[in-house]
>>> print(open('run19.txt').read())   # compact mmCIF, C-alpha atoms
# COMPACT_ATOMS: atom_id res chain seq x y z
CA MET A 1 32.08 103.65 -127.54
CA ASN A 2 31.13 99.98 -127.86
CA GLU A 3 29.49 98.79 -131.08
CA ARG A 4 27.65 95.80 -132.53
CA ASN A 5 25.90 95.26 -135.88
CA PHE A 6 22.51 93.53 -136.25
CA ASN A 7 21.46 93.07 -139.90
CA GLY A 8 22.83 96.50 -140.78
CA LEU A 9 21.58 98.18 -137.60
CA ILE A 10 24.58 99.55 -135.72
CA VAL A 11 24.07 99.63 -131.95
CA ARG A 12 26.51 101.82 -130.02
CA HIS A 13 26.50 102.63 -126.36
CA ARG A 14 28.37 104.63 -123.79
CA LYS A 15 27.63 105.74 -120.27
CA SER A 16 24.12 107.22 -120.19
CA ALA A 17 23.22 106.69 -123.86
CA VAL A 18 22.43 104.06 -126.48
CA PHE A 19 22.42 104.89 -130.19
CA PHE A 20 20.92 103.14 -133.20
CA GLU A 21 22.73 104.02 -136.41
CA ARG A 22 23.18 102.72 -139.92
CA GLU A 23 25.54 103.10 -142.83
CA THR A 24 24.02 105.12 -145.63
CA ASP A 25 24.85 105.06 -149.32
CA LEU A 26 27.08 108.09 -149.95
CA THR A 27 26.32 107.96 -153.69
CA ILE A 28 22.72 109.03 -153.02
CA GLU A 29 22.65 112.80 -153.36
CA GLY A 30 21.50 114.88 -150.46
CA TYR A 31 18.82 117.49 -150.88
CA VAL A 32 18.17 121.10 -149.92
CA LEU A 33 14.68 122.54 -149.66
CA PRO A 34 14.29 125.85 -151.53
CA HIS A 35 13.17 127.80 -148.44
CA TRP A 36 16.15 126.73 -146.34
CA LYS A 37 18.68 129.45 -145.70
CA ASP A 38 21.43 126.87 -145.21
CA PRO A 39 22.39 125.33 -148.58
CA THR A 40 24.11 122.33 -146.93
CA PRO A 41 22.59 119.13 -148.35
CA VAL A 42 20.99 116.74 -145.88
CA ILE A 43 20.44 112.98 -145.95
CA LYS A 44 17.30 111.95 -147.85
CA PRO A 45 14.50 110.64 -145.60
CA SER A 46 14.49 107.33 -147.49
CA GLU A 47 18.02 106.72 -146.16
CA LEU A 48 16.82 107.24 -142.58
CA SER A 49 13.91 104.81 -142.65
CA ARG A 50 14.46 101.06 -142.21
CA LYS A 51 12.68 97.97 -140.99
CA TYR A 52 15.09 95.50 -139.38
CA ILE A 53 13.73 91.97 -139.56
CA PHE A 54 15.12 89.16 -137.40
CA THR A 55 14.66 85.43 -137.15
CA GLN A 56 13.35 84.24 -133.79
CA ASP A 57 16.88 83.34 -132.63
CA GLU A 58 18.33 86.62 -133.92
CA PHE A 59 15.60 88.54 -132.10
CA LYS A 60 16.37 86.70 -128.86
CA GLY A 61 20.04 87.61 -129.29
CA PHE A 62 19.13 91.22 -130.05
CA VAL A 63 16.99 91.46 -126.90
CA ALA A 64 19.71 89.84 -124.79
CA TYR A 65 22.25 92.36 -126.10
CA MET A 66 19.87 95.29 -125.45
CA GLU A 67 19.57 94.12 -121.84
CA GLN A 68 23.33 93.64 -121.49
CA ILE A 69 24.23 97.13 -122.68
CA ALA A 70 21.48 98.70 -120.56
CA ASN A 71 23.32 97.59 -117.47
CA GLU A 72 26.60 98.93 -118.86
CA ALA A 73 25.11 102.33 -119.74
CA TRP A 74 23.03 102.99 -116.61
CA LYS A 75 22.98 102.11 -112.94
CA ASN A 76 19.75 100.71 -111.50
CA PHE A 77 18.30 99.92 -114.93
CA THR A 78 14.77 98.50 -114.61
CA PRO A 79 12.61 97.81 -117.69
CA LYS A 80 9.19 99.45 -117.20
CA ASP A 81 6.04 100.00 -119.21
CA ALA A 82 5.78 103.47 -120.73
CA ASP A 83 3.62 105.54 -118.40
CA SER A 84 4.29 109.06 -119.69
CA MET A 85 5.25 110.96 -122.84
CA GLY A 86 8.83 111.08 -121.57
CA SER A 87 9.04 107.30 -121.37
CA ASP A 88 7.29 106.49 -124.65
CA TYR A 89 10.03 105.66 -127.16
CA TRP A 90 7.73 105.72 -130.21
CA GLU A 91 8.73 109.34 -130.87
CA TYR A 92 11.78 111.22 -129.70
CA TYR A 93 13.13 114.68 -130.35
CA ASP A 94 16.75 114.88 -131.47
CA ARG A 95 18.12 118.24 -130.42
CA ASP A 96 21.19 117.91 -132.66
CA PHE A 97 19.04 117.82 -135.81
CA ASP A 98 16.01 119.74 -134.50
CA ASN A 99 13.74 116.96 -135.68
CA ASN A 100 11.91 113.84 -134.49
CA GLY A 101 12.81 110.17 -134.84
CA TYR A 102 10.44 107.23 -134.54
CA LEU A 103 10.70 103.60 -133.41
CA SER A 104 8.25 100.71 -133.24
CA VAL A 105 8.57 97.04 -132.26
CA GLY A 106 6.77 94.14 -133.95
CA LYS A 107 7.00 90.39 -134.35
CA TYR A 108 10.75 89.86 -134.78
CA TYR A 109 11.36 93.32 -136.20
CA ILE A 110 11.95 96.92 -135.26
CA ASN A 111 11.03 99.81 -137.51
CA LEU A 112 13.08 103.01 -137.37
CA ASP A 113 12.69 106.45 -138.91
CA GLY A 114 15.68 108.58 -138.03
CA PRO A 115 15.45 112.31 -137.50
CA ALA A 116 15.60 114.39 -140.67
CA ASN A 117 17.94 117.35 -141.27
CA GLN A 118 21.12 115.28 -140.82
CA PRO A 119 23.85 116.99 -142.85
CA LYS A 120 25.30 114.95 -145.71
CA THR A 121 29.00 114.51 -145.05
CA SER A 122 31.73 112.08 -146.06
CA ASN A 123 30.81 109.95 -143.01
CA PRO A 124 28.34 107.26 -144.10
CA ILE A 125 27.02 106.65 -140.55
CA VAL A 126 23.66 108.29 -139.77
CA ARG A 127 21.77 108.38 -136.50
CA LEU A 128 18.42 106.65 -136.31
CA TYR A 129 17.76 106.94 -132.59
CA LYS A 130 19.38 108.19 -129.40
CA PHE A 131 17.97 106.72 -126.19
CA ASN A 132 17.86 108.21 -122.74
CA LYS A 133 17.43 105.89 -119.76
CA ARG A 134 13.66 106.16 -119.39
CA LYS A 135 12.88 105.60 -123.09
CA TYR A 136 15.30 102.68 -123.12
CA GLU A 137 13.62 101.15 -120.06
CA SER A 138 10.28 101.09 -121.87
CA PHE A 139 11.91 99.85 -125.09
CA VAL A 140 13.52 96.87 -123.33
CA TYR A 141 10.23 96.23 -121.51
CA ASP A 142 8.42 96.02 -124.86
CA LEU A 143 11.15 93.84 -126.39
CA ARG A 144 10.76 91.38 -123.50
CA LYS A 145 7.00 91.49 -123.90
CA ALA A 146 7.33 90.79 -127.66
CA LEU A 147 9.46 87.74 -126.88
CA GLU A 148 6.97 86.48 -124.28
CA ASP A 149 4.01 87.00 -126.61
CA ARG A 150 5.78 85.09 -129.38
CA ALA A 151 6.72 82.23 -127.06
CA HIS A 152 3.03 81.38 -126.58
CA GLU A 153 2.30 81.07 -130.32
>>> encode(input="run19.txt", output="structure tokens")
Amino acid sequence: MNERNFNGLIVRHRKSAVFFERETDLTIEGYVLPHWKDPTPVIKPSELSRKYIFTQDEFKGFVAYMEQIANEAWKNFTPKDADSMGSDYWEYYDRDFDNNGYLSVGKYYINLDGPANQPKTSNPIVRLYKFNKRKYESFVYDLRKALEDRAHE
């Protein structure tokens, strides 16, 4: 799997998927809710929520890389506006953790809230988002739009 780091945001991709991840602080204790039957500690939500802020040039580089890996991960990749719940990247369901993750784009930043219920292990890498093709198409569309909107300021 190919990987690149943007201000602490780890971007990995393979055929048919793009992942946003980050390194968490292993010294922060995990937690277990009292009503859970499984006593395995999970990553605290505060470790799954981050706002990644870029300079204008960094954001341009980030967008260019997002476009580059799109064409490596999927054939016939075409950025499109979100026109259905399945294409809206704001919220996604992560089957592995049985929980939702969230993503938003702003002026030279992206805001991520990874899915909760990620088991605390000795691996410091946690998942923030896993894209399918359609959600990634709308994400890249909005990144391009953010760049265009900022160019006219």
>>> residues_around(input="run19.txt", residues="A:Tyr102", least_positions_apart="5", cutoff="7 Å", atoms="only C-alpha atoms", output="ChimeraX atom specification")
/A:90-92,112-114
>>> closest_residue(input="run19.txt", among="A:Phe6, A:Tyr141, A:Phe19, A:Tyr52", to="A:Asp81", atoms="all atoms listed in the file")
A:Tyr141
>>> atom_distance(input="run19.txt", atom1="atom CA of A:Ser46", atom2="atom CA of A:Gly106")
20.4 Å
>>> residues_around(input="run19.txt", residues="A:Ala73", least_positions_apart="3", cutoff="7 Å", atoms="all atoms listed in the file", output="PyMOL selection string")
chain A and resi 13-17+69-70
>>> closest_residue(input="run19.txt", among="A:Leu26, A:Glu3, A:Tyr136, A:Leu103", to="A:Asn71", atoms="only C-alpha atoms")
A:Tyr136
>>> closest_residue(input="run19.txt", among="A:Glu23, A:Glu29, A:Glu148, A:Glu72", to="A:Ile43", atoms="all atoms listed in the file")
A:Glu29
>>> atom_distance(input="run19.txt", atom1="atom CA of A:Ser84", atom2="atom CA of A:Leu9")
27.2 Å
>>> atom_distance(input="run19.txt", atom1="atom CA of A:Arg22", atom2="atom CA of A:Asp149")
28.1 Å
>>> closest_residue(input="run19.txt", among="A:Lys75, A:Lys107, A:Lys44, A:Arg95", to="A:Glu58", atoms="only C-alpha atoms")
A:Lys107
>>> closest_residue(input="run19.txt", among="A:Asn132, A:Asn123, A:Asn100, A:Thr55", to="A:Trp74", atoms="all atoms listed in the file")
A:Asn132
>>> residues_near_point(input="run19.txt", point="(26.2, 109.0, -145.4)", cutoff="9 Å", atoms="only C-alpha atoms", output="mmCIF file with C-alpha atoms, in the frame of the given file")
data_model
loop_
_atom_site.group_PDB
_atom_site.id
_atom_site.type_symbol
_atom_site.label_atom_id
_atom_site.label_comp_id
_atom_site.auth_asym_id
_atom_site.auth_seq_id
_atom_site.Cartn_x
_atom_site.Cartn_y
_atom_site.Cartn_z
ATOM 1 C CA ARG A 22 23.180 102.720 -139.920
ATOM 2 C CA GLU A 23 25.540 103.100 -142.830
ATOM 3 C CA THR A 24 24.020 105.120 -145.630
ATOM 4 C CA ASP A 25 24.850 105.060 -149.320
ATOM 5 C CA LEU A 26 27.080 108.090 -149.950
ATOM 6 C CA THR A 27 26.320 107.960 -153.690
ATOM 7 C CA ILE A 28 22.720 109.030 -153.020
ATOM 8 C CA ILE A 43 20.440 112.980 -145.950
ATOM 9 C CA GLU A 47 18.020 106.720 -146.160
ATOM 10 C CA PRO A 119 23.850 116.990 -142.850
ATOM 11 C CA LYS A 120 25.300 114.950 -145.710
ATOM 12 C CA THR A 121 29.000 114.510 -145.050
ATOM 13 C CA SER A 122 31.730 112.080 -146.060
ATOM 14 C CA ASN A 123 30.810 109.950 -143.010
ATOM 15 C CA PRO A 124 28.340 107.260 -144.100
ATOM 16 C CA ILE A 125 27.020 106.650 -140.550
ATOM 17 C CA VAL A 126 23.660 108.290 -139.770
#
>>> closest_residue(input="run19.txt", among="A:Val105, A:Ile10, A:Leu48, A:Ala82", to="A:Arg134", atoms="only C-alpha atoms")
A:Ala82
>>> residues_around(input="run19.txt", residues="A:Ile53", least_positions_apart="5", cutoff="8 Å", atoms="all atoms listed in the file", output="list of chain:residue names")
A:Asn7, A:Tyr108, A:Tyr109, A:Ile110
>>> write_last_selection(input="run19.txt", atoms="C-alpha atoms", output="PDB file, keeping the file's coordinate frame")
ATOM      1  CA  ASN A   7      21.460  93.070-139.900  1.00  0.00           C
ATOM      2  CA  TYR A 108      10.750  89.860-134.780  1.00  0.00           C
ATOM      3  CA  TYR A 109      11.360  93.320-136.200  1.00  0.00           C
ATOM      4  CA  ILE A 110      11.950  96.920-135.260  1.00  0.00           C
TER       5      ILE A 110
END
>>> residues_around(input="run19.txt", residues="stretch 39-41 of chain A", least_positions_apart="2", cutoff="6 Å", atoms="only C-alpha atoms", output="count of residues only")
4
>>> residues_around(input="run19.txt", residues="A:Leu147", least_positions_apart="3", cutoff="9 Å", atoms="only C-alpha atoms", output="PyMOL selection string")
chain A and resi 56+59-60+63+107-108+142-144+150-151
>>> axis_aligned_box(input="run19.txt", around="stretch 37-51 of chain A", padding_each_side="4 Å", output="lines of an AutoDock Vina configuration file")
center_x = 18.4
center_y = 113.7
center_z = -144.8
size_x = 19.4
size_y = 39.5
size_z = 15.6
>>> residues_near_point(input="run19.txt", point="(20.9, 116.4, -136.3)", cutoff="7 Å", atoms="only C-alpha atoms", output="ChimeraX atom specification")
/A:94-98,115,117-118
>>> write_last_selection(input="run19.txt", atoms="C-alpha atoms", output="mmCIF file, in the frame of the given file")
data_model
loop_
_atom_site.group_PDB
_atom_site.id
_atom_site.type_symbol
_atom_site.label_atom_id
_atom_site.label_comp_id
_atom_site.auth_asym_id
_atom_site.auth_seq_id
_atom_site.Cartn_x
_atom_site.Cartn_y
_atom_site.Cartn_z
ATOM 1 C CA ASP A 94 16.750 114.880 -131.470
ATOM 2 C CA ARG A 95 18.120 118.240 -130.420
ATOM 3 C CA ASP A 96 21.190 117.910 -132.660
ATOM 4 C CA PHE A 97 19.040 117.820 -135.810
ATOM 5 C CA ASP A 98 16.010 119.740 -134.500
ATOM 6 C CA PRO A 115 15.450 112.310 -137.500
ATOM 7 C CA ASN A 117 17.940 117.350 -141.270
ATOM 8 C CA GLN A 118 21.120 115.280 -140.820
#
>>> build_atoms(input="run19.txt", residues="stretch 97-108 of chain A", atoms="all heavy atoms", output="CSV table (one decimal), in the frame of the given file")
chain,number,residue,atom,x,y,z
A,97,PHE,N,19.6,117.6,-134.5
A,97,PHE,CA,19.0,117.8,-135.8
A,97,PHE,C,17.7,118.6,-135.8
A,97,PHE,O,17.1,118.8,-136.9
A,97,PHE,CB,18.9,116.5,-136.5
A,97,PHE,CG,20.1,115.6,-136.5
A,97,PHE,CD1,20.2,114.4,-135.8
A,97,PHE,CD2,21.3,116.1,-137.1
A,97,PHE,CE1,21.3,113.7,-135.8
A,97,PHE,CE2,22.4,115.4,-137.0
A,97,PHE,CZ,22.5,114.1,-136.4
A,98,ASP,N,17.2,119.0,-134.6
A,98,ASP,CA,16.0,119.7,-134.5
A,98,ASP,C,14.9,119.0,-135.2
A,98,ASP,O,14.1,119.7,-136.0
A,98,ASP,CB,16.2,121.2,-135.0
A,98,ASP,CG,15.0,122.1,-134.7
A,98,ASP,OD1,14.3,121.8,-133.7
A,98,ASP,OD2,14.8,123.1,-135.4
A,99,ASN,N,14.8,117.7,-135.0
A,99,ASN,CA,13.7,117.0,-135.7
A,99,ASN,C,13.4,115.7,-134.9
A,99,ASN,O,14.2,115.3,-134.0
A,99,ASN,CB,14.2,116.6,-137.1
A,99,ASN,CG,13.1,116.7,-138.1
A,99,ASN,OD1,12.1,116.0,-137.9
A,99,ASN,ND2,13.3,117.5,-139.1
A,100,ASN,N,12.3,115.0,-135.2
A,100,ASN,CA,11.9,113.8,-134.5
A,100,ASN,C,12.4,112.5,-135.2
A,100,ASN,O,12.5,112.5,-136.4
A,100,ASN,CB,10.4,113.8,-134.4
A,100,ASN,CG,9.9,114.9,-133.4
A,100,ASN,OD1,10.6,115.4,-132.6
A,100,ASN,ND2,8.6,115.2,-133.6
A,101,GLY,N,12.6,111.5,-134.4
A,101,GLY,CA,12.8,110.2,-134.8
A,101,GLY,C,11.7,109.3,-134.3
A,101,GLY,O,11.0,109.6,-133.3
A,102,TYR,N,11.5,108.1,-134.9
A,102,TYR,CA,10.4,107.2,-134.5
A,102,TYR,C,10.9,105.8,-134.5
A,102,TYR,O,11.8,105.4,-135.3
A,102,TYR,CB,9.3,107.3,-135.5
A,102,TYR,CG,8.7,108.7,-135.6
A,102,TYR,CD1,9.3,109.6,-136.5
A,102,TYR,CD2,7.7,109.2,-134.8
A,102,TYR,CE1,8.8,110.9,-136.6
A,102,TYR,CE2,7.3,110.4,-134.8
A,102,TYR,CZ,7.8,111.3,-135.7
A,102,TYR,OH,7.3,112.6,-135.8
A,103,LEU,N,10.3,105.0,-133.6
A,103,LEU,CA,10.7,103.6,-133.4
A,103,LEU,C,9.5,102.8,-133.0
A,103,LEU,O,8.7,103.2,-132.2
A,103,LEU,CB,11.8,103.5,-132.3
A,103,LEU,CG,12.1,102.1,-131.8
A,103,LEU,CD1,12.7,101.2,-132.8
A,103,LEU,CD2,13.1,102.3,-130.6
A,104,SER,N,9.3,101.6,-133.6
A,104,SER,CA,8.2,100.7,-133.2
A,104,SER,C,8.8,99.3,-133.2
A,104,SER,O,9.8,99.0,-133.9
A,104,SER,CB,7.0,100.8,-134.2
A,104,SER,OG,7.4,100.5,-135.5
A,105,VAL,N,8.2,98.4,-132.4
A,105,VAL,CA,8.6,97.0,-132.3
A,105,VAL,C,7.4,96.2,-132.7
A,105,VAL,O,6.3,96.4,-132.5
A,105,VAL,CB,8.9,96.7,-130.8
A,105,VAL,CG1,9.2,95.3,-130.6
A,105,VAL,CG2,10.0,97.6,-130.2
A,106,GLY,N,7.8,95.1,-133.5
A,106,GLY,CA,6.8,94.1,-134.0
A,106,GLY,C,7.3,92.7,-133.8
A,106,GLY,O,8.3,92.5,-133.1
A,107,LYS,N,6.6,91.8,-134.4
A,107,LYS,CA,7.0,90.4,-134.4
A,107,LYS,C,8.3,90.2,-135.1
A,107,LYS,O,8.4,90.1,-136.3
A,107,LYS,CB,5.9,89.5,-135.0
A,107,LYS,CG,6.2,88.0,-134.9
A,107,LYS,CD,5.1,87.2,-135.4
A,107,LYS,CE,5.5,85.7,-135.3
A,107,LYS,NZ,4.5,84.8,-135.8
A,108,TYR,N,9.4,90.1,-134.3
A,108,TYR,CA,10.8,89.9,-134.8
A,108,TYR,C,11.3,91.0,-135.7
A,108,TYR,O,12.0,90.7,-136.6
A,108,TYR,CB,10.9,88.5,-135.5
A,108,TYR,CG,10.4,87.4,-134.6
A,108,TYR,CD1,9.6,86.4,-135.2
A,108,TYR,CD2,10.7,87.2,-133.3
A,108,TYR,CE1,9.1,85.3,-134.4
A,108,TYR,CE2,10.2,86.2,-132.5
A,108,TYR,CZ,9.4,85.3,-133.1
A,108,TYR,OH,9.0,84.2,-132.3
